[in-house]
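Novice: I'd like to ask some things about the structure below.
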Amino acid sequence: MSLVGEFLIALALVISGIFGFVGSFGLVRLKNTLQRLHAPTKATTLGVGGMLIASMIWFYVEKDQFSFHELLITMFLFLTAPVTAHFIAKVYMLQSLRKEDLPDTKGPHGWSVYEDAPQGPPKP
Amino acid sequence: MLRRLVPHPLLSVTLLLVWLGLVNKVTPGNLILGAGFGLVVPMLTAAYWPDRPRIRNPLAVLEFVLIVLWDIVVANVQVALILLFRPEAKIRSVWICVPIELTSAEAITVLAGTITMTPGTVSATLSADATSILVHALDTDDPDAVRDQIKSRYERRLKEIFP
């Protein structure tokens, strides 16, 4: 394995480790549920991202082939992580917050957690 | 005719690319198999895809992805510094209401996902008529600046991508 390749892989792994750690640390340290929600978005972006980049470089340098799996993992993570965060935020709002705790929508309708859509549910 | 054969061209291309990525090798056989999936799956599931999102400008998509990736890196560092060194009491979390002008469901979904994936902001919910997004910011002294950044950096570009 070339020295440059090894160096790049190590760098990517270290970055991934640092941000993975900071994400978990934030989860422990922050007190508020919504603030904690910010920590995993960090771990999934640069934390996992660094590891995937390291894996791609390794396949390229060591096996001399281009690996697509990492790109797919990135894509699936970017599709699923926001949905989870959105669900957690909504459940938290329903259980622990009242309408008055949130800022105004500046429109005729309130937030969808507390109010149905104006036309009713969408038709199938 | 072409329309009936390929009811959902974007989905077909995505399926082909995902298949090639899963098998991790581009050979003629895989290419044909992937293209087969790209043709058959959209035909079988066409009933569940009533709206077909159109992408106006593929170059704008690339620009958007690059900008979001760059923002993710920058924001990661900023949030890491806050988490490690800022005392608990000095983290100023706020709710921000971001009015949106996008109308298509796909565009709003992409915007909400982008807001969540850039560290420091999480999109919490939409208003009932889908004209504003409720965003939770981990730490900011100027909520208006965050709102303007989301609008000018992401929403403006999404408006160019989705008609």
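Identifiers for the structure tokens are assigned positionally: chains receive A, B, ... in sequence, residues are indexed from 1 per chain, and ligands are indexed from 1 in the order shown.
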At a cut-off of 7 Å, which residues of chain B touch chain A? Count only C-alpha atoms and give the answer as a PDB file with C-alpha atoms, in the first residue's frame.
Specialist:
```pdb
ATOM      1  CA  GLY B  21     -24.065   0.067  -6.881  1.00  0.00           C
ATOM      2  CA  LEU B  22     -25.387  -2.969  -5.024  1.00  0.00           C
ATOM      3  CA  ASN B  24     -20.611  -3.226  -7.245  1.00  0.00           C
ATOM      4  CA  VAL B  73     -18.473  20.070   6.882  1.00  0.00           C
ATOM      5  CA  ASN B  76     -19.994  20.067  11.818  1.00  0.00           C
ATOM      6  CA  ALA B  80     -18.421  20.331  17.585  1.00  0.00           C
ATOM      7  CA  LEU B  83     -20.601  20.926  22.182  1.00  0.00           C
ATOM      8  CA  TRP B  95     -37.198  28.026  17.453  1.00  0.00           C
ATOM      9  CA  CYS B  97     -40.188  29.899  11.734  1.00  0.00           C
ATOM     10  CA  GLY B 113     -34.058  16.985   4.910  1.00  0.00           C
ATOM     11  CA  THR B 116     -31.856  18.451   9.332  1.00  0.00           C
ATOM     12  CA  MET B 117     -28.674  17.061   7.801  1.00  0.00           C
ATOM     13  CA  PRO B 119     -25.668  20.187  11.854  1.00  0.00           C
ATOM     14  CA  GLY B 120     -26.987  22.957  14.072  1.00  0.00           C
ATOM     15  CA  VAL B 122     -33.280  20.416  12.737  1.00  0.00           C
ATOM     16  CA  SER B 123     -36.580  20.793  10.929  1.00  0.00           C
ATOM     17  CA  ALA B 124     -39.277  19.889  13.429  1.00  0.00           C
ATOM     18  CA  THR B 125     -42.595  20.255  11.652  1.00  0.00           C
ATOM     19  CA  LEU B 126     -44.523  22.036   8.921  1.00  0.00           C
ATOM     20  CA  SER B 127     -47.451  24.361   9.289  1.00  0.00           C
ATOM     21  CA  ALA B 128     -50.795  22.725   8.469  1.00  0.00           C
ATOM     22  CA  ASP B 129     -51.006  24.405   5.065  1.00  0.00           C
ATOM     23  CA  SER B 132     -43.678  27.408   6.714  1.00  0.00           C
ATOM     24  CA  LEU B 138     -28.935  24.537  18.499  1.00  0.00           C
TER      25      LEU B 138
END
```
Novice: Tell me which protein, DNA and RNA residues are within 7 Å of Thr118 of chain B, counting only C-alpha atoms, leaving out same-chain ones fewer than 5 positions away, and put them as an NGL selection string.
Specialist: :B and (71-72 or 75)
Novice: Just list the residues in chain B DSSP gives alpha helix (DSSP H) on the backbone, as a short mmCIF file (atom, residue, chain, number, x, y, z; two decimals) with N, CA and C atoms, in the first residue's frame.
Specialist:
```
data_model
loop_
_atom_site.label_atom_id
_atom_site.label_comp_id
_atom_site.auth_asym_id
_atom_site.auth_seq_id
_atom_site.Cartn_x
_atom_site.Cartn_y
_atom_site.Cartn_z
N LEU B 2 -43.68 5.99 -25.56
CA LEU B 2 -42.50 6.02 -24.68
C LEU B 2 -42.93 6.28 -23.25
N ARG B 3 -43.93 7.13 -23.13
CA ARG B 3 -44.49 7.51 -21.85
C ARG B 3 -45.06 6.29 -21.11
N ARG B 4 -45.68 5.38 -21.85
CA ARG B 4 -46.25 4.19 -21.22
C ARG B 4 -45.17 3.18 -20.87
N LEU B 5 -44.14 3.15 -21.70
CA LEU B 5 -43.06 2.20 -21.46
C LEU B 5 -42.23 2.64 -20.26
N PRO B 9 -39.27 8.14 -15.67
CA PRO B 9 -37.87 8.01 -16.09
C PRO B 9 -36.85 8.20 -14.97
N LEU B 10 -37.10 9.15 -14.08
CA LEU B 10 -36.14 9.38 -12.99
C LEU B 10 -36.01 8.16 -12.09
N LEU B 11 -37.17 7.54 -11.80
CA LEU B 11 -37.15 6.34 -10.95
C LEU B 11 -36.39 5.22 -11.65
N SER B 12 -36.59 5.09 -12.97
CA SER B 12 -35.90 4.04 -13.72
C SER B 12 -34.39 4.22 -13.62
N VAL B 13 -33.93 5.45 -13.84
CA VAL B 13 -32.49 5.71 -13.78
C VAL B 13 -31.95 5.43 -12.37
N THR B 14 -32.73 5.88 -11.34
CA THR B 14 -32.28 5.64 -9.96
C THR B 14 -32.15 4.15 -9.68
N LEU B 15 -33.17 3.37 -10.12
CA LEU B 15 -33.13 1.92 -9.87
C LEU B 15 -31.92 1.29 -10.53
N LEU B 16 -31.64 1.71 -11.78
CA LEU B 16 -30.48 1.16 -12.50
C LEU B 16 -29.20 1.46 -11.73
N LEU B 17 -29.05 2.74 -11.30
CA LEU B 17 -27.82 3.12 -10.60
C LEU B 17 -27.69 2.39 -9.27
N VAL B 18 -28.82 2.28 -8.54
CA VAL B 18 -28.75 1.59 -7.24
C VAL B 18 -28.40 0.13 -7.44
N TRP B 19 -28.95 -0.50 -8.49
CA TRP B 19 -28.64 -1.90 -8.75
C TRP B 19 -27.15 -2.08 -9.04
N LEU B 20 -26.63 -1.20 -9.93
CA LEU B 20 -25.20 -1.29 -10.25
C LEU B 20 -24.36 -1.08 -9.00
N GLY B 21 -24.81 -0.16 -8.12
CA GLY B 21 -24.06 0.07 -6.88
C GLY B 21 -24.10 -1.14 -5.97
N LEU B 22 -25.25 -1.82 -5.92
CA LEU B 22 -25.39 -2.97 -5.02
C LEU B 22 -24.51 -4.13 -5.47
N VAL B 23 -24.49 -4.41 -6.78
CA VAL B 23 -23.65 -5.52 -7.23
C VAL B 23 -22.19 -5.09 -7.33
N PRO B 28 -21.89 -6.06 -18.65
CA PRO B 28 -23.08 -6.00 -19.52
C PRO B 28 -24.28 -6.71 -18.91
N GLY B 29 -24.05 -7.86 -18.26
CA GLY B 29 -25.16 -8.59 -17.66
C GLY B 29 -25.86 -7.78 -16.59
N ASN B 30 -25.06 -7.19 -15.71
CA ASN B 30 -25.65 -6.38 -14.64
C ASN B 30 -26.39 -5.18 -15.20
N LEU B 31 -25.81 -4.62 -16.27
CA LEU B 31 -26.42 -3.44 -16.89
C LEU B 31 -27.80 -3.79 -17.42
N ILE B 32 -27.91 -4.96 -18.09
CA ILE B 32 -29.20 -5.39 -18.65
C ILE B 32 -30.18 -5.69 -17.52
N LEU B 33 -29.71 -6.40 -16.49
CA LEU B 33 -30.58 -6.73 -15.37
C LEU B 33 -31.09 -5.44 -14.69
N GLY B 34 -30.18 -4.48 -14.46
CA GLY B 34 -30.56 -3.21 -13.84
C GLY B 34 -31.56 -2.47 -14.69
N ALA B 35 -31.32 -2.44 -16.02
CA ALA B 35 -32.24 -1.76 -16.93
C ALA B 35 -33.60 -2.45 -16.89
N GLY B 36 -33.58 -3.79 -16.76
CA GLY B 36 -34.84 -4.54 -16.64
C GLY B 36 -35.62 -4.11 -15.41
N PHE B 37 -34.91 -4.04 -14.28
CA PHE B 37 -35.57 -3.54 -13.07
C PHE B 37 -36.11 -2.14 -13.29
N GLY B 38 -35.30 -1.30 -13.92
CA GLY B 38 -35.71 0.09 -14.16
C GLY B 38 -36.96 0.17 -15.01
N LEU B 39 -37.17 -0.83 -15.87
CA LEU B 39 -38.38 -0.81 -16.71
C LEU B 39 -39.57 -1.42 -15.99
N VAL B 40 -39.34 -2.56 -15.32
CA VAL B 40 -40.47 -3.33 -14.78
C VAL B 40 -41.02 -2.71 -13.50
N VAL B 41 -40.12 -2.33 -12.57
CA VAL B 41 -40.59 -1.84 -11.27
C VAL B 41 -41.47 -0.58 -11.41
N PRO B 42 -41.05 0.44 -12.18
CA PRO B 42 -41.94 1.60 -12.31
C PRO B 42 -43.28 1.25 -12.94
N MET B 43 -43.29 0.28 -13.90
CA MET B 43 -44.56 -0.09 -14.52
C MET B 43 -45.50 -0.72 -13.50
N LEU B 44 -44.94 -1.61 -12.65
CA LEU B 44 -45.78 -2.29 -11.66
C LEU B 44 -46.25 -1.33 -10.58
N THR B 45 -45.44 -0.32 -10.27
CA THR B 45 -45.79 0.55 -9.14
C THR B 45 -46.30 1.91 -9.59
N PRO B 58 -30.21 19.77 -14.35
CA PRO B 58 -29.33 18.80 -13.67
C PRO B 58 -28.07 19.45 -13.09
N LEU B 59 -27.56 20.49 -13.76
CA LEU B 59 -26.36 21.15 -13.25
C LEU B 59 -26.65 21.82 -11.91
N ALA B 60 -27.85 22.37 -11.78
CA ALA B 60 -28.22 23.01 -10.52
C ALA B 60 -28.27 21.98 -9.39
N VAL B 61 -28.66 20.74 -9.73
CA VAL B 61 -28.68 19.68 -8.70
C VAL B 61 -27.27 19.45 -8.18
N LEU B 62 -26.32 19.36 -9.13
CA LEU B 62 -24.93 19.13 -8.73
C LEU B 62 -24.44 20.27 -7.84
N GLU B 63 -24.75 21.50 -8.24
CA GLU B 63 -24.32 22.67 -7.46
C GLU B 63 -24.92 22.59 -6.05
N PHE B 64 -26.22 22.25 -5.99
CA PHE B 64 -26.90 22.16 -4.70
C PHE B 64 -26.23 21.12 -3.80
N VAL B 65 -25.95 19.94 -4.37
CA VAL B 65 -25.34 18.86 -3.57
C VAL B 65 -23.98 19.30 -3.04
N LEU B 66 -23.17 19.92 -3.90
CA LEU B 66 -21.83 20.34 -3.46
C LEU B 66 -21.93 21.38 -2.35
N ILE B 67 -22.84 22.34 -2.51
CA ILE B 67 -22.99 23.38 -1.49
C ILE B 67 -23.44 22.78 -0.16
N VAL B 68 -24.38 21.83 -0.23
CA VAL B 68 -24.86 21.21 1.01
C VAL B 68 -23.73 20.43 1.68
N LEU B 69 -22.95 19.67 0.88
CA LEU B 69 -21.84 18.91 1.47
C LEU B 69 -20.85 19.84 2.15
N TRP B 70 -20.52 20.94 1.48
CA TRP B 70 -19.58 21.91 2.07
C TRP B 70 -20.14 22.48 3.37
N ASP B 71 -21.43 22.85 3.35
CA ASP B 71 -22.06 23.41 4.56
C ASP B 71 -22.06 22.40 5.70
N ILE B 72 -22.24 21.11 5.34
CA ILE B 72 -22.25 20.08 6.38
C ILE B 72 -20.90 20.03 7.08
N VAL B 73 -19.81 20.12 6.28
CA VAL B 73 -18.47 20.07 6.88
C VAL B 73 -18.26 21.28 7.79
N VAL B 74 -18.57 22.48 7.29
CA VAL B 74 -18.36 23.69 8.08
C VAL B 74 -19.19 23.65 9.36
N ALA B 75 -20.49 23.29 9.21
CA ALA B 75 -21.38 23.31 10.36
C ALA B 75 -20.99 22.26 11.39
N ASN B 76 -20.46 21.10 10.90
CA ASN B 76 -19.99 20.07 11.82
C ASN B 76 -18.94 20.61 12.76
N VAL B 77 -17.98 21.34 12.20
CA VAL B 77 -16.92 21.89 13.03
C VAL B 77 -17.48 22.90 14.03
N GLN B 78 -18.37 23.78 13.54
CA GLN B 78 -18.95 24.78 14.44
C GLN B 78 -19.70 24.12 15.60
N VAL B 79 -20.53 23.11 15.26
CA VAL B 79 -21.32 22.47 16.31
C VAL B 79 -20.41 21.69 17.26
N ALA B 80 -19.35 21.06 16.72
CA ALA B 80 -18.42 20.33 17.58
C ALA B 80 -17.80 21.27 18.61
N LEU B 81 -17.39 22.47 18.17
CA LEU B 81 -16.80 23.43 19.10
C LEU B 81 -17.79 23.84 20.18
N ILE B 82 -19.05 24.05 19.77
CA ILE B 82 -20.07 24.41 20.75
C ILE B 82 -20.24 23.30 21.77
N LEU B 83 -20.35 22.05 21.28
CA LEU B 83 -20.60 20.93 22.18
C LEU B 83 -19.45 20.72 23.16
N LEU B 84 -18.22 20.93 22.69
CA LEU B 84 -17.08 20.61 23.53
C LEU B 84 -16.76 21.72 24.53
N PHE B 85 -16.88 22.97 24.09
CA PHE B 85 -16.31 24.03 24.91
C PHE B 85 -17.31 25.01 25.48
N ALA B 105 -44.34 18.84 -3.15
CA ALA B 105 -44.04 18.05 -1.96
C ALA B 105 -42.59 17.60 -1.97
N GLU B 106 -42.08 17.25 -3.17
CA GLU B 106 -40.70 16.76 -3.25
C GLU B 106 -39.72 17.85 -2.82
N ALA B 107 -39.97 19.07 -3.30
CA ALA B 107 -39.05 20.17 -2.99
C ALA B 107 -39.04 20.46 -1.50
N ILE B 108 -40.24 20.46 -0.87
CA ILE B 108 -40.31 20.73 0.57
C ILE B 108 -39.60 19.62 1.34
N THR B 109 -39.78 18.37 0.89
CA THR B 109 -39.10 17.26 1.57
C THR B 109 -37.59 17.42 1.50
N VAL B 110 -37.09 17.77 0.32
CA VAL B 110 -35.64 17.93 0.18
C VAL B 110 -35.16 19.08 1.07
N LEU B 111 -35.92 20.17 1.11
CA LEU B 111 -35.51 21.30 1.95
C LEU B 111 -35.48 20.90 3.43
N ALA B 112 -36.54 20.21 3.89
CA ALA B 112 -36.58 19.80 5.30
C ALA B 112 -35.43 18.85 5.62
N GLY B 113 -35.15 17.92 4.70
CA GLY B 113 -34.06 16.98 4.91
C GLY B 113 -32.71 17.69 4.96
N THR B 114 -32.54 18.67 4.07
CA THR B 114 -31.29 19.42 4.05
C THR B 114 -31.08 20.16 5.37
N ILE B 115 -32.15 20.78 5.86
CA ILE B 115 -32.05 21.53 7.11
C ILE B 115 -31.63 20.59 8.25
N THR B 116 -32.21 19.39 8.27
CA THR B 116 -31.86 18.45 9.33
C THR B 116 -30.43 17.94 9.19
N MET B 117 -29.99 17.66 7.97
CA MET B 117 -28.67 17.06 7.80
C MET B 117 -27.54 18.07 8.03
N PRO B 143 -31.54 34.69 15.03
CA PRO B 143 -32.44 33.77 14.33
C PRO B 143 -32.79 34.23 12.92
N ASP B 144 -32.88 35.55 12.71
CA ASP B 144 -33.24 36.05 11.39
C ASP B 144 -32.17 35.70 10.36
N ALA B 145 -30.90 35.72 10.79
CA ALA B 145 -29.82 35.40 9.86
C ALA B 145 -29.90 33.94 9.43
N VAL B 146 -30.22 33.04 10.39
CA VAL B 146 -30.37 31.63 10.05
C VAL B 146 -31.50 31.45 9.05
N ARG B 147 -32.62 32.14 9.31
CA ARG B 147 -33.75 32.04 8.40
C ARG B 147 -33.38 32.52 7.00
N ASP B 148 -32.70 33.67 6.95
CA ASP B 148 -32.33 34.21 5.64
C ASP B 148 -31.35 33.30 4.92
N GLN B 149 -30.44 32.66 5.71
CA GLN B 149 -29.48 31.78 5.06
C GLN B 149 -30.18 30.57 4.45
N ARG B 156 -33.70 29.05 -2.58
CA ARG B 156 -33.58 29.68 -3.90
C ARG B 156 -33.11 28.66 -4.94
N ARG B 157 -32.12 27.84 -4.54
CA ARG B 157 -31.60 26.85 -5.49
C ARG B 157 -32.63 25.76 -5.78
N LEU B 158 -33.38 25.36 -4.74
CA LEU B 158 -34.40 24.33 -4.96
C LEU B 158 -35.49 24.83 -5.88
N LYS B 159 -35.76 26.14 -5.82
CA LYS B 159 -36.78 26.69 -6.71
C LYS B 159 -36.34 26.58 -8.17
N GLU B 160 -35.00 26.66 -8.37
CA GLU B 160 -34.51 26.51 -9.75
C GLU B 160 -34.58 25.06 -10.21
N ILE B 161 -34.42 24.12 -9.24
CA ILE B 161 -34.38 22.70 -9.61
C ILE B 161 -35.78 22.17 -9.86
#
```
Novice: Which of these residues is nearest to Ala10 of chain A, using only C-alpha atoms: A:Thr33, A:Gln95, A:Gly50, A:Phe76?
Specialist: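 The shortest atom-to-atom distance to Ala10 of chain A comes from A:Gly50.
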Novice: If you run DSSP on the backbone, which residues of chain B are strand (DSSP E or B), as a PyMOL selection string?
Specialist: chain B and resi 94-99+121-127+132-137
Novice: So how far away is atom CA of Ser24 of chain A from atom CA of Leu8 of chain A, in Å?
Specialist: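 According to the coordinates, atom CA of Leu8 of chain A and atom CA of Ser24 of chain A are separated by 24.4 Å.
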Novice: For atom CA of Leu11 of chain A and atom CA of Ala54 of chain A, quote the distance in Å rounded to one decimal.
Specialist: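 These atoms are spaced 8.2 Å apart.
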